[in-house]
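Input: a single structure, listed below in structure tokens.
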Amino acid sequence: MTLDAKPYLQAVSVRSDAAGDPNVYPFNIPSIRGMGTLRFHPDVTFFVGENGVGKSTVLEAIAVALGYSPEGGTKNVQLKTVESVSSLHQSLRLARSFKKPADGYFLRAESFFNVATYMDQVGYLGGYDNRSLHARSHGEAFMTLLTHKFRGDGLYLMDEPEAALSPNRQLAALAAIHQLVLEGSQFIIATHSPILLAYPRARILQFGDSGVAEVRFEDTEHYTVTRDFLNNFPRRLEQLLGEPTDEGPLL
Ligand SMILES: Nc1ncnc2c1ncn2[C@@H]1O[C@H](COP(=O)(O)OP(=O)(O)O)[C@@H](O)[C@H]1O
Ligand SMILES: [Mg+2]
């Protein structure tokens, strides 16, 4: 029997002896109290769920437990401008592969700007196509990560990477992620993008009030709501806005 190196990160759970105060962040979040064990797909695992359900908190805690700064970046970036990091990382149990990933990155959308400034300050742009990330649009800077910075054989954590990307770029991101998967990489991605969620070599974990459960792509709200809206948008707009839309949407 041959052992697979992937998934580099196999599973994460809250330690049973971790007695967090259920009235205080982060244990006041129902999905975290009921999290159980998150088992990761060897290729891509998505976190989905309503805004505020705890996806970023869990992703950040995993990143910090793995040695990343809560700001994100590679493990060499140790910025501390995020004010309140939750204590959750101290309570996590991580099950890892016998083999360590050769590469890694934590993309935290809100502080990607700070990481870009840091890269300029330290003058390290070798992995970024030798051009300041600030000299590109947010979407271009992000695509540079996927196409130049990530080398493969890596474990990559990303929080809402689609925030910067046009629909076409999301398709390009999907292809780039697939290439990196073929090159031995594993991704954990919190996302609201129905385009990214369509990736087939993946597991979708849905965060909700009673914990975290696996869900099929076609059963996600992202798929059903987007599909319904695009197929019926004049009628849905009428229902939402309470006025006829004969002249087309004003928005
Ligand atoms: N640093 C913090 N201190 C206290 N509460 C927080 C903090 N960060 C997030 N929260 C709260 O925790 C909940 C989960 O947030 P978050 O993990 O960002 O959700 P998601 O990423 O799923 O939208 C939200 O209700 C949010 O207001
Ligand atoms: Mg979030």
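Every chain in the structure tokens takes a letter, A first, then B, and so on in the order presented; its residues are numbered from 1, and the ligands are numbered from 1 following the presented order.
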
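Residues in contact with Ala213 (chain A) at 10 Å, where only C-alpha atoms are counted and same-chain residues fewer than 4 positions away are skipped, are listed as Ser31, Met35, Gly36, Thr37, Leu38, Phe47, Val48, Ile204, Leu205, Gln206, Phe207 and Gly208 of chain A.
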
How would you report the residues lying within 9 Å of ligand 1, as a PyMOL selection string, if you count only C-alpha atoms and all ligand atoms? chain A and resi 24-26+28-29+47-60+82-86+159-160+190+207

Only C-alpha atoms, please: the residues just picked out, written as an mmCIF file, in the first residue's frame.
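Result written to result.cif:
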```cif
data_model
loop_
_atom_site.group_PDB
_atom_site.id
_atom_site.type_symbol
_atom_site.label_atom_id
_atom_site.label_comp_id
_atom_site.auth_asym_id
_atom_site.auth_seq_id
_atom_site.Cartn_x
_atom_site.Cartn_y
_atom_site.Cartn_z
ATOM 1 C CA VAL A 24 -17.591 34.932 24.307
ATOM 2 C CA TYR A 25 -16.121 35.031 20.766
ATOM 3 C CA PRO A 26 -15.226 32.607 19.202
ATOM 4 C CA ASN A 28 -20.313 32.003 21.006
ATOM 5 C CA ILE A 29 -20.475 31.079 17.304
ATOM 6 C CA PHE A 47 -16.198 26.553 3.308
ATOM 7 C CA VAL A 48 -19.636 28.000 2.559
ATOM 8 C CA GLY A 49 -22.383 29.524 4.675
ATOM 9 C CA GLU A 50 -24.128 32.763 5.524
ATOM 10 C CA ASN A 51 -22.197 35.921 6.354
ATOM 11 C CA GLY A 52 -21.118 35.867 9.982
ATOM 12 C CA VAL A 53 -21.422 32.097 10.401
ATOM 13 C CA GLY A 54 -17.736 31.629 11.314
ATOM 14 C CA LYS A 55 -15.897 30.639 8.108
ATOM 15 C CA SER A 56 -13.184 33.283 8.373
ATOM 16 C CA THR A 57 -12.725 32.677 12.085
ATOM 17 C CA VAL A 58 -12.076 28.962 11.469
ATOM 18 C CA LEU A 59 -9.879 29.540 8.405
ATOM 19 C CA GLU A 60 -7.787 32.118 10.270
ATOM 20 C CA VAL A 82 -4.937 42.737 12.805
ATOM 21 C CA GLU A 83 -6.181 43.809 16.195
ATOM 22 C CA SER A 84 -8.218 40.917 17.453
ATOM 23 C CA VAL A 85 -7.126 37.422 16.578
ATOM 24 C CA SER A 86 -9.400 34.855 18.132
ATOM 25 C CA ASP A 159 -10.610 33.634 2.196
ATOM 26 C CA GLU A 160 -13.052 34.833 -0.479
ATOM 27 C CA ALA A 190 -13.909 30.086 1.972
ATOM 28 C CA PHE A 207 -21.265 26.156 8.100
#
```

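With CA of Pro70 (chain A) on one side and CA of His138 (chain A) on the other, the separation reads 19.6 Å.
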
What lies within 8 Å of Ser97 (chain A) using only C-alpha atoms, ignoring chain neighbours under 4 positions off, as a ChimeraX atom specification? /A:5-10

Kindly save the residues from that selection, with C-alpha atoms included, as a PDB file, in the first residue's frame.
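Resulting contents of selection_35.pdb:
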```pdb
ATOM      1  CA  ALA A   5       1.056  12.734   0.787  1.00  0.00           C
ATOM      2  CA  LYS A   6      -2.207  14.602   0.284  1.00  0.00           C
ATOM      3  CA  PRO A   7      -4.170  15.854   2.028  1.00  0.00           C
ATOM      4  CA  TYR A   8      -1.367  17.718   3.802  1.00  0.00           C
ATOM      5  CA  LEU A   9      -3.991  18.845   6.251  1.00  0.00           C
ATOM      6  CA  GLN A  10      -6.293  15.882   6.799  1.00  0.00           C
TER       7      GLN A  10
END
```

Apply DSSP to the backbone of this structure and, from region 32-61 of chain A, keep only the residues in alpha helix (DSSP H); write these as a list of chain:residue names.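 The alpha helix (DSSP H) subset of region 32-61 of chain A is A:Ile32, A:Arg33, A:Lys55, A:Ser56, A:Thr57, A:Val58, A:Leu59, A:Glu60, A:Ala61.
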
Given the choices A:Leu92, A:Ser132, A:Thr144, A:Phe150, which gets closest to Tyr105 (chain A) if the distance is worked out from only C-alpha atoms? A:Phe150

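In this comparison, which uses only C-alpha atoms, the residue of A:Arg236, A:Lys100, A:Arg131, A:His89 approaching Ser185 (chain A) most closely is A:Lys100.
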
Nearest to ligand 2 by atom-to-atom distance, counting only C-alpha atoms and all ligand atoms, from A:Arg93, A:Arg227, A:Arg201, A:Arg108: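 Closest candidate: A:Arg108.
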
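Candidate residues A:Leu107, A:Leu230, A:Ala18, A:Ala141 were compared for distance to ligand 2, and the nearest is A:Leu107, using only C-alpha atoms and all ligand atoms.
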
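The space separating CA of Val77 (chain A) from CA of Val14 (chain A) comes to 26.3 Å.
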
Residue contacts of Val225 (chain A) (12 Å, only C-alpha atoms) excluding same-chain residues fewer than 6 positions away, as a PyMOL selection string: chain A and resi 192-194+218-219+231-233+236

With distances taken over only C-alpha atoms and all ligand atoms, the candidate from A:Phe46, A:Ala109, A:Asn168, A:Pro234 nearest ligand 2 is A:Ala109
